[in-house]
Amino acid sequence: GEDVEQSLFLSVREGDSSVINCTYTDSSSTYLYWYKQEPGAGLQLLTYIFSNMDMKQDQRLTVLLNKKDKHLSLRIADTQTGDSAIYFCISGGSYIPTFGRGTSLIVHP
Amino acid sequence: GAGVSQTPSNKVTEKGKYVELRCDPISGHTALYWYRQSLGQGPEFLIYFQGTGAADDSGLPNDRFFAVRPEGSVSTLKIQRTERGDSAVYLCASSTKGGTSSEQFFGPGTRLTVL
């Protein structure tokens, strides 16, 4: 089946940039998504990128897509303690999204 | 506005019992998904409804799991003869048209514990 790989943990200081990486296998993915899961809360869409784009910027968030290497990254500028959460990369070419295991972002004051 | 709701938020049951988990999607969303999330893992797809019909149930682990959506809105996930390995958070999500081109809106989940 399709696979999505992410590193499990990332620890940063408040104010620094965070970069969360993801690799995927489904080359037919039309969209790639980043979802955020905070403790005790449901998953929320953070941002997405269409597969024919290389980069998308949305305020503090920058998504980079290297389609050749099937690599997706999420950069959070000026990381805040409120950004502490689990971040999931999702690919899906059809209608069944494939989730990674998620990256736990820990932000230290 | 109202988001996706799931009831109960927590369910503790004994091995061998039957449970039902309910999902109320956002009004007007035709697509509904069920996922299972175990500790330290990402959500694992179980079943996808488009309207009243199950468009894909390939993620259901075995025949103890069944889901319905009789009127195309509320869905119920049913688990028979529960096992300890069924313990997880069960997530429901809905979207306007299904497929990976539209955003999924997730509920808060039901935490199922099988003793």
# chains A, B, ... in the order shown; residues from 1 in each chain; ligands from 1
>>> select_by_dssp(residues="range 19-108 of chain A", states="strand (DSSP E or B)", output="MDAnalysis selection string")
chainID A and resid 19:24 31:37 43:50 55:58 61:66 71:76 85:92 98:99 103:108
>>> residues_around(residues="range 80-83 of chain B", least_positions_apart="2", cutoff="12 Å", atoms="only C-alpha atoms", output="count of residues only")
27
>>> residues_around(residues="His71 in chain A", least_positions_apart="2", cutoff="9 Å", atoms="only C-alpha atoms", output="PyMOL selection string")
chain A and resi 21-24+64-69+73
>>> interface_residues(of="chain B", to="chain A", cutoff="12 Å", atoms="only C-alpha atoms", output="PyMOL selection string")
chain B and resi 3-6+9-10+31-50+55-59+89-95+97-111
>>> residues_around(residues="Asp58 in chain A", least_positions_apart="4", cutoff="12 Å", atoms="only C-alpha atoms", output="list of chain:residue names")
A:Leu46, A:Thr47, A:Tyr48, A:Ile49, A:Thr62, A:Val63, A:Leu64, A:Leu74, A:Arg75, A:Ile76, A:Ala77
>>> write_last_selection(atoms="N, CA and C atoms", output="mmCIF file, in the first residue's frame")
data_model
loop_
_atom_site.group_PDB
_atom_site.id
_atom_site.type_symbol
_atom_site.label_atom_id
_atom_site.label_comp_id
_atom_site.auth_asym_id
_atom_site.auth_seq_id
_atom_site.Cartn_x
_atom_site.Cartn_y
_atom_site.Cartn_z
ATOM 1 N N LEU A 46 -4.275 22.457 8.155
ATOM 2 C CA LEU A 46 -3.378 23.587 8.351
ATOM 3 C C LEU A 46 -3.137 24.288 7.008
ATOM 4 N N THR A 47 -2.751 23.521 6.043
ATOM 5 C CA THR A 47 -2.506 24.035 4.707
ATOM 6 C C THR A 47 -2.422 22.869 3.731
ATOM 7 N N TYR A 48 -2.400 23.189 2.452
ATOM 8 C CA TYR A 48 -2.287 22.144 1.444
ATOM 9 C C TYR A 48 -1.546 22.727 0.246
ATOM 10 N N ILE A 49 -1.092 21.840 -0.611
ATOM 11 C CA ILE A 49 -0.436 22.273 -1.840
ATOM 12 C C ILE A 49 -0.895 21.387 -2.988
ATOM 13 N N THR A 62 5.203 27.913 5.239
ATOM 14 C CA THR A 62 5.702 27.729 3.876
ATOM 15 C C THR A 62 5.734 26.237 3.592
ATOM 16 N N VAL A 63 5.094 25.834 2.513
ATOM 17 C CA VAL A 63 5.108 24.438 2.103
ATOM 18 C C VAL A 63 5.976 24.322 0.861
ATOM 19 N N LEU A 64 6.913 23.381 0.887
ATOM 20 C CA LEU A 64 7.753 23.101 -0.272
ATOM 21 C C LEU A 64 7.476 21.690 -0.751
ATOM 22 N N LEU A 74 7.135 21.341 5.637
ATOM 23 C CA LEU A 74 6.351 22.435 6.208
ATOM 24 C C LEU A 74 7.284 23.258 7.072
ATOM 25 N N ARG A 75 7.411 24.527 6.761
ATOM 26 C CA ARG A 75 8.234 25.417 7.566
ATOM 27 C C ARG A 75 7.317 26.371 8.313
ATOM 28 N N ILE A 76 7.539 26.453 9.619
ATOM 29 C CA ILE A 76 6.794 27.387 10.450
ATOM 30 C C ILE A 76 7.778 28.441 10.918
ATOM 31 N N ALA A 77 7.563 29.678 10.514
ATOM 32 C CA ALA A 77 8.440 30.764 10.938
ATOM 33 C C ALA A 77 8.011 31.271 12.307
#
>>> atom_distance(atom1="CA of His108 in chain A", atom2="CA of Gln59 in chain A")
21.5 Å
>>> atom_distance(atom1="CA of Glu38 in chain A", atom2="CA of Ser84 in chain A")
7.4 Å
>>> closest_residue(among="B:Pro61, B:Arg84, B:Pro8, B:Gly51", to="Gly28 in chain B", atoms="only C-alpha atoms")
B:Gly51
